[in-house]
file query.pdb (PDB, C-alpha atoms and all ligand atoms)
ATOM      1  CA  ALA A   1    -209.300 122.652 257.254  1.00  0.00           C
ATOM      2  CA  GLU A   2    -210.616 119.534 255.668  1.00  0.00           C
ATOM      3  CA  GLU A   3    -211.201 119.840 251.981  1.00  0.00           C
ATOM      4  CA  MET A   4    -214.452 118.709 250.486  1.00  0.00           C
ATOM      5  CA  MET A   5    -215.045 119.163 246.830  1.00  0.00           C
ATOM      6  CA  ILE A   6    -218.502 119.227 245.366  1.00  0.00           C
ATOM      7  CA  ARG A   7    -218.899 116.317 243.034  1.00  0.00           C
ATOM      8  CA  SER A   8    -220.037 117.532 239.703  1.00  0.00           C
ATOM      9  CA  GLU A   9    -223.246 115.678 239.078  1.00  0.00           C
ATOM     10  CA  LYS A  10    -223.866 115.843 235.402  1.00  0.00           C
ATOM     11  CA  MET A  11    -226.493 113.145 235.395  1.00  0.00           C
ATOM     12  CA  SER A  12    -229.999 114.192 234.409  1.00  0.00           C
ATOM     13  CA  ILE A  13    -229.799 117.788 235.502  1.00  0.00           C
ATOM     14  CA  ALA A  14    -232.588 118.453 233.013  1.00  0.00           C
ATOM     15  CA  GLY A  15    -234.789 115.787 234.576  1.00  0.00           C
ATOM     16  CA  GLN A  16    -234.146 117.024 238.106  1.00  0.00           C
ATOM     17  CA  LEU A  17    -234.887 120.541 236.916  1.00  0.00           C
ATOM     18  CA  ALA A  18    -238.184 119.659 235.278  1.00  0.00           C
ATOM     19  CA  ALA A  19    -239.429 117.874 238.398  1.00  0.00           C
ATOM     20  CA  GLY A  20    -238.190 120.703 240.580  1.00  0.00           C
ATOM     21  CA  ILE A  21    -239.810 123.444 238.522  1.00  0.00           C
ATOM     22  CA  ALA A  22    -243.173 121.696 238.527  1.00  0.00           C
ATOM     23  CA  HIS A  23    -242.968 121.288 242.289  1.00  0.00           C
ATOM     24  CA  GLU A  24    -241.681 124.763 243.069  1.00  0.00           C
ATOM     25  CA  ILE A  25    -244.285 126.505 240.982  1.00  0.00           C
ATOM     26  CA  ARG A  26    -247.192 124.269 241.896  1.00  0.00           C
ATOM     27  CA  ASN A  27    -246.857 124.939 245.624  1.00  0.00           C
ATOM     28  CA  PRO A  28    -247.302 128.705 245.479  1.00  0.00           C
ATOM     29  CA  LEU A  29    -250.029 128.285 242.853  1.00  0.00           C
ATOM     30  CA  THR A  30    -251.935 125.875 245.074  1.00  0.00           C
ATOM     31  CA  SER A  31    -251.600 128.264 247.962  1.00  0.00           C
ATOM     32  CA  MET A  32    -252.772 131.236 245.888  1.00  0.00           C
ATOM     33  CA  LYS A  33    -255.748 129.277 244.632  1.00  0.00           C
ATOM     34  CA  GLY A  34    -256.746 128.549 248.212  1.00  0.00           C
ATOM     35  CA  PHE A  35    -256.551 132.188 249.220  1.00  0.00           C
ATOM     36  CA  LEU A  36    -258.454 133.296 246.133  1.00  0.00           C
ATOM     37  CA  GLN A  37    -261.201 130.866 247.035  1.00  0.00           C
ATOM     38  CA  LEU A  38    -261.342 132.295 250.541  1.00  0.00           C
ATOM     39  CA  LEU A  39    -261.555 135.809 249.150  1.00  0.00           C
ATOM     40  CA  GLN A  40    -264.222 134.688 246.713  1.00  0.00           C
ATOM     41  CA  ALA A  41    -266.226 133.340 249.638  1.00  0.00           C
ATOM     42  CA  GLY A  42    -266.126 136.843 251.051  1.00  0.00           C
ATOM     43  CA  ILE A  43    -263.937 136.199 254.062  1.00  0.00           C
ATOM     44  CA  ASP A  44    -262.362 139.107 256.005  1.00  0.00           C
ATOM     45  CA  ARG A  45    -258.600 139.415 256.750  1.00  0.00           C
ATOM     46  CA  LYS A  46    -258.222 140.442 253.129  1.00  0.00           C
ATOM     47  CA  GLU A  47    -255.041 142.414 253.825  1.00  0.00           C
ATOM     48  CA  GLU A  48    -253.310 139.380 255.243  1.00  0.00           C
ATOM     49  CA  TYR A  49    -254.310 137.174 252.337  1.00  0.00           C
ATOM     50  CA  TYR A  50    -253.222 139.711 249.772  1.00  0.00           C
ATOM     51  CA  ASN A  51    -249.822 139.864 251.433  1.00  0.00           C
ATOM     52  CA  ILE A  52    -249.422 136.114 251.411  1.00  0.00           C
ATOM     53  CA  MET A  53    -250.437 135.983 247.767  1.00  0.00           C
ATOM     54  CA  ILE A  54    -247.911 138.661 246.857  1.00  0.00           C
ATOM     55  CA  ASP A  55    -245.221 136.643 248.652  1.00  0.00           C
ATOM     56  CA  GLU A  56    -246.163 133.581 246.639  1.00  0.00           C
ATOM     57  CA  ILE A  57    -246.081 135.532 243.398  1.00  0.00           C
ATOM     58  CA  ASN A  58    -242.663 136.924 244.319  1.00  0.00           C
ATOM     59  CA  LYS A  59    -241.450 133.399 244.823  1.00  0.00           C
ATOM     60  CA  ILE A  60    -242.575 132.330 241.366  1.00  0.00           C
ATOM     61  CA  GLU A  61    -241.048 135.494 239.935  1.00  0.00           C
ATOM     62  CA  THR A  62    -237.662 134.790 241.510  1.00  0.00           C
ATOM     63  CA  ILE A  63    -237.671 131.192 240.370  1.00  0.00           C
ATOM     64  CA  THR A  64    -238.620 132.049 236.814  1.00  0.00           C
ATOM     65  CA  SER A  65    -236.008 134.785 236.498  1.00  0.00           C
ATOM     66  CA  GLU A  66    -233.294 132.425 237.741  1.00  0.00           C
ATOM     67  CA  LEU A  67    -234.523 129.810 235.310  1.00  0.00           C
ATOM     68  CA  LEU A  68    -234.413 132.306 232.474  1.00  0.00           C
ATOM     69  CA  PHE A  69    -230.754 132.776 233.246  1.00  0.00           C
ATOM     70  CA  LEU A  70    -230.290 129.020 232.959  1.00  0.00           C
ATOM     71  CA  SER A  71    -232.195 128.815 229.706  1.00  0.00           C
ATOM     72  CA  LYS A  72    -229.830 131.253 228.063  1.00  0.00           C
ATOM     73  CA  PRO A  73    -227.111 129.300 226.365  1.00  0.00           C
ATOM     74  CA  LEU A  74    -223.753 129.958 227.946  1.00  0.00           C
ATOM     75  CA  THR A  75    -222.557 131.784 224.887  1.00  0.00           C
ATOM     76  CA  ASP A  76    -218.949 132.605 224.579  1.00  0.00           C
ATOM     77  CA  ASN A  77    -218.579 136.204 225.443  1.00  0.00           C
ATOM     78  CA  LYS A  78    -215.122 135.735 226.847  1.00  0.00           C
ATOM     79  CA  GLN A  79    -212.499 138.419 227.068  1.00  0.00           C
ATOM     80  CA  ASN A  80    -209.491 139.190 229.170  1.00  0.00           C
ATOM     81  CA  GLU A  81    -210.882 140.563 232.408  1.00  0.00           C
ATOM     82  CA  TYR A  82    -209.273 141.691 235.623  1.00  0.00           C
ATOM     83  CA  VAL A  83    -210.602 139.444 238.324  1.00  0.00           C
ATOM     84  CA  TYR A  84    -210.160 141.999 241.114  1.00  0.00           C
ATOM     85  CA  GLN A  85    -212.354 144.412 239.146  1.00  0.00           C
ATOM     86  CA  MET A  86    -215.182 141.933 238.926  1.00  0.00           C
ATOM     87  CA  VAL A  87    -214.861 141.248 242.663  1.00  0.00           C
ATOM     88  CA  GLU A  88    -214.889 144.961 243.443  1.00  0.00           C
ATOM     89  CA  ASP A  89    -217.958 145.545 241.248  1.00  0.00           C
ATOM     90  CA  VAL A  90    -219.865 142.833 243.072  1.00  0.00           C
ATOM     91  CA  ILE A  91    -218.795 144.077 246.497  1.00  0.00           C
ATOM     92  CA  VAL A  92    -220.079 147.554 245.633  1.00  0.00           C
ATOM     93  CA  LEU A  93    -223.324 145.965 244.520  1.00  0.00           C
ATOM     94  CA  LEU A  94    -223.844 143.870 247.656  1.00  0.00           C
ATOM     95  CA  ARG A  95    -222.415 146.140 250.342  1.00  0.00           C
ATOM     96  CA  PRO A  96    -225.753 147.909 250.987  1.00  0.00           C
ATOM     97  CA  GLN A  97    -227.469 144.557 251.475  1.00  0.00           C
ATOM     98  CA  ALA A  98    -224.724 143.508 253.896  1.00  0.00           C
ATOM     99  CA  LYS A  99    -224.918 146.808 255.780  1.00  0.00           C
ATOM    100  CA  LEU A 100    -228.613 146.225 256.389  1.00  0.00           C
ATOM    101  CA  LYS A 101    -227.622 143.129 258.362  1.00  0.00           C
ATOM    102  CA  ASN A 102    -224.701 144.839 260.062  1.00  0.00           C
ATOM    103  CA  ILE A 103    -222.258 142.771 258.063  1.00  0.00           C
ATOM    104  CA  GLU A 104    -218.912 144.097 256.936  1.00  0.00           C
ATOM    105  CA  LEU A 105    -217.567 142.900 253.564  1.00  0.00           C
ATOM    106  CA  LYS A 106    -213.787 142.830 253.901  1.00  0.00           C
ATOM    107  CA  TRP A 107    -211.685 142.557 250.816  1.00  0.00           C
ATOM    108  CA  GLU A 108    -208.050 141.738 250.173  1.00  0.00           C
ATOM    109  CA  LYS A 109    -206.111 140.852 247.054  1.00  0.00           C
ATOM    110  CA  THR A 110    -202.586 139.705 246.388  1.00  0.00           C
ATOM    111  CA  THR A 111    -202.818 139.536 242.611  1.00  0.00           C
ATOM    112  CA  ASP A 112    -203.870 141.834 239.776  1.00  0.00           C
ATOM    113  CA  GLU A 113    -204.024 139.170 237.107  1.00  0.00           C
ATOM    114  CA  ALA A 114    -206.586 139.013 234.349  1.00  0.00           C
ATOM    115  CA  ILE A 115    -208.177 135.851 233.018  1.00  0.00           C
ATOM    116  CA  TYR A 116    -210.065 134.968 229.893  1.00  0.00           C
ATOM    117  CA  CYS A 117    -213.701 134.754 230.979  1.00  0.00           C
ATOM    118  CA  ASP A 118    -217.261 135.917 230.578  1.00  0.00           C
ATOM    119  CA  ARG A 119    -217.483 138.918 232.849  1.00  0.00           C
ATOM    120  CA  SER A 120    -221.193 138.775 233.631  1.00  0.00           C
ATOM    121  CA  GLN A 121    -221.068 135.070 234.368  1.00  0.00           C
ATOM    122  CA  ILE A 122    -218.156 135.332 236.785  1.00  0.00           C
ATOM    123  CA  LYS A 123    -219.890 138.242 238.467  1.00  0.00           C
ATOM    124  CA  GLN A 124    -222.990 136.068 238.790  1.00  0.00           C
ATOM    125  CA  VAL A 125    -220.873 133.428 240.551  1.00  0.00           C
ATOM    126  CA  LEU A 126    -219.548 136.015 242.980  1.00  0.00           C
ATOM    127  CA  ILE A 127    -223.020 137.425 243.604  1.00  0.00           C
ATOM    128  CA  ASN A 128    -224.378 133.953 244.353  1.00  0.00           C
ATOM    129  CA  LEU A 129    -221.592 133.097 246.808  1.00  0.00           C
ATOM    130  CA  ILE A 130    -221.477 136.434 248.607  1.00  0.00           C
ATOM    131  CA  LYS A 131    -225.274 136.531 248.876  1.00  0.00           C
ATOM    132  CA  ASN A 132    -225.224 133.085 250.436  1.00  0.00           C
ATOM    133  CA  ALA A 133    -222.527 134.232 252.843  1.00  0.00           C
ATOM    134  CA  ILE A 134    -224.634 137.255 253.816  1.00  0.00           C
ATOM    135  CA  GLU A 135    -227.674 135.053 254.301  1.00  0.00           C
ATOM    136  CA  ALA A 136    -225.675 132.601 256.430  1.00  0.00           C
ATOM    137  CA  THR A 137    -224.266 135.279 258.723  1.00  0.00           C
ATOM    138  CA  THR A 138    -226.064 136.275 261.897  1.00  0.00           C
ATOM    139  CA  GLU A 139    -225.531 139.944 262.492  1.00  0.00           C
ATOM    140  CA  PRO A 140    -223.234 141.573 263.264  1.00  0.00           C
ATOM    141  CA  GLY A 141    -220.468 139.770 261.417  1.00  0.00           C
ATOM    142  CA  ASP A 142    -217.716 139.909 258.867  1.00  0.00           C
ATOM    143  CA  ILE A 143    -217.365 138.297 255.488  1.00  0.00           C
ATOM    144  CA  GLU A 144    -213.887 138.144 254.045  1.00  0.00           C
ATOM    145  CA  ILE A 145    -213.267 138.025 250.352  1.00  0.00           C
ATOM    146  CA  GLU A 146    -209.764 137.164 249.232  1.00  0.00           C
ATOM    147  CA  LEU A 147    -208.212 136.971 245.818  1.00  0.00           C
ATOM    148  CA  ASN A 148    -204.887 135.225 245.377  1.00  0.00           C
ATOM    149  CA  GLU A 149    -203.122 132.877 243.014  1.00  0.00           C
ATOM    150  CA  SER A 150    -201.339 129.578 242.816  1.00  0.00           C
ATOM    151  CA  SER A 151    -199.254 128.476 239.867  1.00  0.00           C
ATOM    152  CA  ASN A 152    -202.230 127.424 237.742  1.00  0.00           C
ATOM    153  CA  TYR A 153    -205.237 129.115 239.281  1.00  0.00           C
ATOM    154  CA  LEU A 154    -206.660 132.351 240.499  1.00  0.00           C
ATOM    155  CA  LYS A 155    -208.447 131.684 243.765  1.00  0.00           C
ATOM    156  CA  ILE A 156    -211.326 133.634 245.220  1.00  0.00           C
ATOM    157  CA  ASN A 157    -212.271 132.814 248.808  1.00  0.00           C
ATOM    158  CA  VAL A 158    -215.581 133.867 250.298  1.00  0.00           C
ATOM    159  CA  ILE A 159    -215.238 133.276 254.021  1.00  0.00           C
ATOM    160  CA  ASP A 160    -218.224 133.577 256.333  1.00  0.00           C
ATOM    161  CA  GLU A 161    -218.899 133.195 260.032  1.00  0.00           C
ATOM    162  CA  GLY A 162    -222.196 131.395 259.545  1.00  0.00           C
ATOM    163  CA  PRO A 163    -223.211 127.973 260.843  1.00  0.00           C
ATOM    164  CA  GLY A 164    -221.080 126.088 258.323  1.00  0.00           C
ATOM    165  CA  ILE A 165    -222.339 123.099 256.392  1.00  0.00           C
ATOM    166  CA  SER A 166    -222.867 119.651 257.838  1.00  0.00           C
ATOM    167  CA  GLU A 167    -221.356 116.718 256.011  1.00  0.00           C
ATOM    168  CA  GLU A 168    -224.868 115.409 255.354  1.00  0.00           C
ATOM    169  CA  LEU A 169    -225.883 118.540 253.479  1.00  0.00           C
ATOM    170  CA  LEU A 170    -222.614 119.002 251.676  1.00  0.00           C
ATOM    171  CA  HIS A 171    -223.313 116.600 248.818  1.00  0.00           C
ATOM    172  CA  LYS A 172    -226.729 118.159 248.238  1.00  0.00           C
ATOM    173  CA  LEU A 173    -225.412 121.651 247.610  1.00  0.00           C
ATOM    174  CA  GLY A 174    -225.764 122.526 243.970  1.00  0.00           C
ATOM    175  CA  GLU A 175    -228.594 120.096 243.326  1.00  0.00           C
ATOM    176  CA  PRO A 176    -231.391 122.009 241.638  1.00  0.00           C
ATOM    177  CA  PHE A 177    -233.878 123.393 244.165  1.00  0.00           C
ATOM    178  CA  PHE A 178    -231.986 122.170 247.204  1.00  0.00           C
ATOM    179  CA  THR A 179    -232.456 124.904 249.772  1.00  0.00           C
ATOM    180  CA  THR A 180    -232.705 125.158 253.544  1.00  0.00           C
ATOM    181  CA  LYS A 181    -234.096 128.692 253.359  1.00  0.00           C
ATOM    182  CA  GLN A 182    -237.683 129.817 253.743  1.00  0.00           C
ATOM    183  CA  ASN A 183    -237.447 131.916 250.608  1.00  0.00           C
ATOM    184  CA  GLY A 184    -234.589 130.176 248.837  1.00  0.00           C
ATOM    185  CA  THR A 185    -234.745 128.904 245.286  1.00  0.00           C
ATOM    186  CA  GLY A 186    -231.917 126.402 245.589  1.00  0.00           C
ATOM    187  CA  LEU A 187    -230.626 127.413 242.173  1.00  0.00           C
ATOM    188  CA  GLY A 188    -227.672 129.636 243.057  1.00  0.00           C
ATOM    189  CA  LEU A 189    -225.037 126.968 243.569  1.00  0.00           C
ATOM    190  CA  MET A 190    -226.205 124.950 240.599  1.00  0.00           C
ATOM    191  CA  ILE A 191    -225.820 128.003 238.361  1.00  0.00           C
ATOM    192  CA  THR A 192    -222.459 128.668 239.991  1.00  0.00           C
ATOM    193  CA  LYS A 193    -221.214 125.165 239.271  1.00  0.00           C
ATOM    194  CA  GLN A 194    -222.464 125.345 235.707  1.00  0.00           C
ATOM    195  CA  ILE A 195    -220.690 128.638 235.036  1.00  0.00           C
ATOM    196  CA  LEU A 196    -217.470 127.392 236.591  1.00  0.00           C
ATOM    197  CA  GLU A 197    -217.576 124.245 234.494  1.00  0.00           C
ATOM    198  CA  HIS A 198    -217.947 126.468 231.469  1.00  0.00           C
ATOM    199  CA  HIS A 199    -214.722 128.188 232.531  1.00  0.00           C
ATOM    200  CA  HIS A 200    -212.876 124.960 233.396  1.00  0.00           C
ATOM    201  CA  GLY A 201    -212.927 126.111 236.981  1.00  0.00           C
ATOM    202  CA  HIS A 202    -214.002 124.531 240.263  1.00  0.00           C
ATOM    203  CA  LEU A 203    -215.891 125.263 243.426  1.00  0.00           C
ATOM    204  CA  GLN A 204    -214.468 123.953 246.687  1.00  0.00           C
ATOM    205  CA  ILE A 205    -216.043 124.170 250.100  1.00  0.00           C
ATOM    206  CA  PHE A 206    -214.126 124.155 253.370  1.00  0.00           C
ATOM    207  CA  GLN A 207    -215.249 124.200 256.956  1.00  0.00           C
ATOM    208  CA  ASN A 208    -213.478 126.997 258.768  1.00  0.00           C
ATOM    209  CA  GLU A 209    -211.544 125.945 261.826  1.00  0.00           C
ATOM    210  CA  GLU A 210    -213.421 128.304 264.093  1.00  0.00           C
ATOM    211  CA  LYS A 211    -216.747 129.119 262.559  1.00  0.00           C
ATOM    212  CA  GLY A 212    -218.511 129.148 259.230  1.00  0.00           C
ATOM    213  CA  SER A 213    -217.442 128.022 255.811  1.00  0.00           C
ATOM    214  CA  THR A 214    -215.263 129.067 252.921  1.00  0.00           C
ATOM    215  CA  PHE A 215    -216.453 128.838 249.354  1.00  0.00           C
ATOM    216  CA  GLN A 216    -213.447 128.847 247.070  1.00  0.00           C
ATOM    217  CA  VAL A 217    -213.596 129.520 243.362  1.00  0.00           C
ATOM    218  CA  LEU A 218    -210.696 128.265 241.275  1.00  0.00           C
ATOM    219  CA  LEU A 219    -210.270 129.754 237.818  1.00  0.00           C
ATOM    220  CA  PRO A 220    -207.523 128.545 235.523  1.00  0.00           C
ATOM    221  CA  LYS A 221    -205.043 131.247 234.602  1.00  0.00           C
ATOM    222  CA  LYS A 222    -204.970 130.112 231.028  1.00  0.00           C
ATOM    223  CA  ASP A 223    -208.198 128.882 229.481  1.00  0.00           C
ATOM    224  CA  GLN A 224    -207.563 125.165 229.062  1.00  0.00           C
TER     225      GLN A 224
HETATM  226  P1  LIG B 301    -230.515 129.238 248.074  1.00  0.00           P
HETATM  227  O1  LIG B 301    -229.536 130.301 248.481  1.00  0.00           O
HETATM  228  O2  LIG B 301    -231.655 129.772 247.249  1.00  0.00           O
HETATM  229  O3  LIG B 301    -230.968 128.375 249.222  1.00  0.00           O
HETATM  230  P2  LIG B 301    -228.185 128.039 246.875  1.00  0.00           P
HETATM  231  O4  LIG B 301    -228.021 127.053 245.769  1.00  0.00           O
HETATM  232  O5  LIG B 301    -227.495 129.336 246.739  1.00  0.00           O
HETATM  233  O6  LIG B 301    -229.749 128.241 247.063  1.00  0.00           O
HETATM  234  O7  LIG B 301    -227.725 127.359 248.236  1.00  0.00           O
HETATM  235  C1  LIG B 301    -228.253 126.088 248.598  1.00  0.00           C
HETATM  236  C2  LIG B 301    -228.116 125.806 250.081  1.00  0.00           C
HETATM  237  O8  LIG B 301    -226.730 125.700 250.429  1.00  0.00           O
HETATM  238  C3  LIG B 301    -228.631 126.903 250.992  1.00  0.00           C
HETATM  239  O9  LIG B 301    -230.026 126.829 251.173  1.00  0.00           O
HETATM  240  C4  LIG B 301    -227.866 126.619 252.278  1.00  0.00           C
HETATM  241  O10 LIG B 301    -228.454 125.567 252.991  1.00  0.00           O
HETATM  242  C5  LIG B 301    -226.529 126.116 251.764  1.00  0.00           C
HETATM  243  N1  LIG B 301    -225.502 127.167 251.786  1.00  0.00           N
HETATM  244  C6  LIG B 301    -225.052 127.872 250.730  1.00  0.00           C
HETATM  245  N2  LIG B 301    -224.103 128.755 251.093  1.00  0.00           N
HETATM  246  C7  LIG B 301    -223.948 128.603 252.424  1.00  0.00           C
HETATM  247  C8  LIG B 301    -223.094 129.222 253.423  1.00  0.00           C
HETATM  248  N3  LIG B 301    -222.239 130.193 253.093  1.00  0.00           N
HETATM  249  N4  LIG B 301    -223.193 128.793 254.710  1.00  0.00           N
HETATM  250  C9  LIG B 301    -224.077 127.811 255.048  1.00  0.00           C
HETATM  251  N5  LIG B 301    -224.892 127.199 254.157  1.00  0.00           N
HETATM  252  C10 LIG B 301    -224.836 127.577 252.869  1.00  0.00           C
HETATM  253 MG    MG B 302    -228.273 131.309 247.184  1.00  0.00          MG
END

call {"tool": "encode", "arguments": {"input": "query.pdb", "output": "structure tokens", "more": "lines below"}}
Ligand code: ADP
Ligand code: MG
result
Amino acid sequence: AEEMMIRSEKMSIAGQLAAGIAHEIRNPLTSMKGFLQLLQAGIDRKEEYYNIMIDEINKIETITSELLFLSKPLTDNKQNEYVYQMVEDVIVLLRPQAKLKNIELKWEKTTDEAIYCDRSQIKQVLINLIKNAIEATTEPGDIEIELNESSNYLKINVIDEGPGISEELLHKLGEPFFTTKQNGTGLGLMITKQILEHHHGHLQIFQNEEKGSTFQVLLPKKDQ
């Protein structure tokens, strides 16, 4: 498989974010205003409009809660943690969601090592990647999660059977608000990259030979 590493784009993340937030929140607000005006004019199809408005509010809610995560300083709450335990916790958390789509989460480890890290942040990384894998998979399908090690790194592979990622899109992944999904926020991979940077780790993306893509997290064995 050809290796393609996400370039870490440190430039003006704050600026991109500000523009993105304004845009992402203005759209649902504009839409809600329109529907409120229709309701005010006494139009029927109220049910339908209420539903659309609730969808728009949900969108703003999701965006703001992800942004709240970003606004928290990445404080150092690092301890020695077993990586396989964090993976297992997240699999337990996401298995019901996968089951709903007829997706099996398969899990295999060849190391029991611990690393010095912030447990909730690394779990957030795993949630983001496995959720994306679930969203990319057309049911029924399998997602494989592997934990192994090289001399310097622990490696976590999240392997899906989705459509994969075209070379064109590849460099956009991790830009704030870049999403190809109807209800995406486009914040997951940015948060992921930020957390990994904070741990001196990396995210690598591979195209699978047959189908789908592999998101690989590299975490240094010793905090460097
Ligand atoms: P979101 O999931 O809200 O769209 P992310 O930052 O998590 O935001 O992902 C950004 C984009 O990257 C997705 O919209 C999708 O186009 C692409 N992507 C992420 N993971 C995968 C994957 N496993 N397979 C295919 N495309 C993916
Ligand atoms: Mg996502």

call {"tool": "closest_atom_pairs", "arguments": {"input": "query.pdb", "of": "chain A", "to": "ligand MG 302 (chain B)", "cutoff": "12 Å", "atoms": "all atoms listed in the file", "output": "CSV"}}
result
residue,atom,partner,partner_atom,distance
A:Thr62,CA,B:MG302,MG,11.5
A:Ile63,CA,B:MG302,MG,11.6
A:Glu66,CA,B:MG302,MG,10.8
A:Gln124,CA,B:MG302,MG,11.0
A:Val125,CA,B:MG302,MG,10.2
A:Leu126,CA,B:MG302,MG,10.8
A:Ile127,CA,B:MG302,MG,8.8
A:Asn128,CA,B:MG302,MG,5.5
A:Leu129,CA,B:MG302,MG,6.9
A:Ile130,CA,B:MG302,MG,8.6
A:Lys131,CA,B:MG302,MG,6.3
A:Asn132,CA,B:MG302,MG,4.8
A:Ala133,CA,B:MG302,MG,8.6
A:Ile134,CA,B:MG302,MG,9.6
A:Glu135,CA,B:MG302,MG,8.1
A:Ala136,CA,B:MG302,MG,9.7
A:Leu173,CA,B:MG302,MG,10.1
A:Gly174,CA,B:MG302,MG,9.7
A:Glu175,CA,B:MG302,MG,11.9
A:Pro176,CA,B:MG302,MG,11.3
A:Phe177,CA,B:MG302,MG,10.2
A:Phe178,CA,B:MG302,MG,9.9
A:Thr179,CA,B:MG302,MG,8.1
A:Thr180,CA,B:MG302,MG,9.9
A:Lys181,CA,B:MG302,MG,8.9
A:Gln182,CA,B:MG302,MG,11.6
A:Asn183,CA,B:MG302,MG,9.8
A:Gly184,CA,B:MG302,MG,6.6
A:Thr185,CA,B:MG302,MG,7.2
A:Gly186,CA,B:MG302,MG,6.3
A:Leu187,CA,B:MG302,MG,6.8
A:Gly188,CA,B:MG302,MG,4.5
A:Leu189,CA,B:MG302,MG,6.5
A:Met190,CA,B:MG302,MG,9.4
A:Ile191,CA,B:MG302,MG,9.7
A:Thr192,CA,B:MG302,MG,9.6

call {"tool": "atom_distance", "arguments": {"input": "query.pdb", "atom1": "atom CA of A:Glu167", "atom2": "atom CA of A:Gln216"}}
result
17.0 Å

call {"tool": "atom_distance", "arguments": {"input": "query.pdb", "atom1": "atom C10 of ligand LIG 301 (chain B)", "atom2": "atom CA of A:Thr214"}}
result
9.7 Å

call {"tool": "atom_distance", "arguments": {"input": "query.pdb", "atom1": "atom CA of A:Ser150", "atom2": "atom C8 of ligand LIG 301 (chain B)"}}
result
24.2 Å

call {"tool": "axis_aligned_box", "arguments": {"input": "query.pdb", "around": "ligand LIG 301 (chain B)", "padding_each_side": "6 Å", "output": "lines of an AutoDock Vina configuration file"}}
result
center_x = -226.9
center_y = 127.9
center_z = 250.4
size_x = 21.4
size_y = 16.7
size_z = 21.3

call {"tool": "resolve_selection", "arguments": {"input": "query.pdb", "expression": "the PyMOL selection byres (((chain A and resi 209) around 12) and not hetatm)", "output": "number ranges by chain"}}
result
A: 1-3, 159-161, 163-164, 206-208, 210-214

call {"tool": "resolve_selection", "arguments": {"input": "query.pdb", "expression": "the PyMOL selection byres (((chain A and resi 31) around 12) and not hetatm)", "output": "ChimeraX atom specification"}}
result
/A:24-30,32-38,49-50,52-57,59-60

call {"tool": "write_last_selection", "arguments": {"input": "query.pdb", "atoms": "C-alpha atoms", "output": "PDB file, keeping the file's coordinate frame"}}
result
ATOM      1  CA  GLU A  24    -241.681 124.763 243.069  1.00  0.00           C
ATOM      2  CA  ILE A  25    -244.285 126.505 240.982  1.00  0.00           C
ATOM      3  CA  ARG A  26    -247.192 124.269 241.896  1.00  0.00           C
ATOM      4  CA  ASN A  27    -246.857 124.939 245.624  1.00  0.00           C
ATOM      5  CA  PRO A  28    -247.302 128.705 245.479  1.00  0.00           C
ATOM      6  CA  LEU A  29    -250.029 128.285 242.853  1.00  0.00           C
ATOM      7  CA  THR A  30    -251.935 125.875 245.074  1.00  0.00           C
ATOM      8  CA  MET A  32    -252.772 131.236 245.888  1.00  0.00           C
ATOM      9  CA  LYS A  33    -255.748 129.277 244.632  1.00  0.00           C
ATOM     10  CA  GLY A  34    -256.746 128.549 248.212  1.00  0.00           C
ATOM     11  CA  PHE A  35    -256.551 132.188 249.220  1.00  0.00           C
ATOM     12  CA  LEU A  36    -258.454 133.296 246.133  1.00  0.00           C
ATOM     13  CA  GLN A  37    -261.201 130.866 247.035  1.00  0.00           C
ATOM     14  CA  LEU A  38    -261.342 132.295 250.541  1.00  0.00           C
ATOM     15  CA  TYR A  49    -254.310 137.174 252.337  1.00  0.00           C
ATOM     16  CA  TYR A  50    -253.222 139.711 249.772  1.00  0.00           C
ATOM     17  CA  ILE A  52    -249.422 136.114 251.411  1.00  0.00           C
ATOM     18  CA  MET A  53    -250.437 135.983 247.767  1.00  0.00           C
ATOM     19  CA  ILE A  54    -247.911 138.661 246.857  1.00  0.00           C
ATOM     20  CA  ASP A  55    -245.221 136.643 248.652  1.00  0.00           C
ATOM     21  CA  GLU A  56    -246.163 133.581 246.639  1.00  0.00           C
ATOM     22  CA  ILE A  57    -246.081 135.532 243.398  1.00  0.00           C
ATOM     23  CA  LYS A  59    -241.450 133.399 244.823  1.00  0.00           C
ATOM     24  CA  ILE A  60    -242.575 132.330 241.366  1.00  0.00           C
TER      25      ILE A  60
END

call {"tool": "residues_around", "arguments": {"input": "query.pdb", "residues": "stretch 71-87 of chain A", "least_positions_apart": "3", "cutoff": "8 Å", "atoms": "all atoms listed in the file", "output": "VMD selection string"}}
result
chain A and resid 67 to 68 90 to 91 109 111 to 119 122 to 123 126 147 195 198

call {"tool": "closest_residue", "arguments": {"input": "query.pdb", "among": "A:Val92, A:Leu218, A:His200, A:Glu47", "to": "A:Leu154", "atoms": "only C-alpha atoms"}}
result
A:Leu218

call {"tool": "build_atoms", "arguments": {"input": "query.pdb", "residues": "stretch 182-187 of chain A", "atoms": "N, CA and C atoms", "output": "short mmCIF file (atom, residue, chain, number, x, y, z; two decimals), keeping the file's coordinate frame"}}
result
data_model
loop_
_atom_site.label_atom_id
_atom_site.label_comp_id
_atom_site.auth_asym_id
_atom_site.auth_seq_id
_atom_site.Cartn_x
_atom_site.Cartn_y
_atom_site.Cartn_z
N GLN A 182 -236.25 129.57 253.92
CA GLN A 182 -237.68 129.82 253.74
C GLN A 182 -237.99 130.34 252.34
N ASN A 183 -237.18 131.31 251.91
CA ASN A 183 -237.45 131.92 250.61
C ASN A 183 -236.35 131.63 249.59
N GLY A 184 -235.65 130.53 249.77
CA GLY A 184 -234.59 130.18 248.84
C GLY A 184 -235.14 129.55 247.57
N THR A 185 -234.35 129.60 246.51
CA THR A 185 -234.74 128.90 245.29
C THR A 185 -233.92 127.63 245.11
N GLY A 186 -232.77 127.57 245.76
CA GLY A 186 -231.92 126.40 245.59
C GLY A 186 -231.36 126.29 244.19
N LEU A 187 -231.19 127.44 243.53
CA LEU A 187 -230.63 127.41 242.17
C LEU A 187 -229.24 128.05 242.11
#
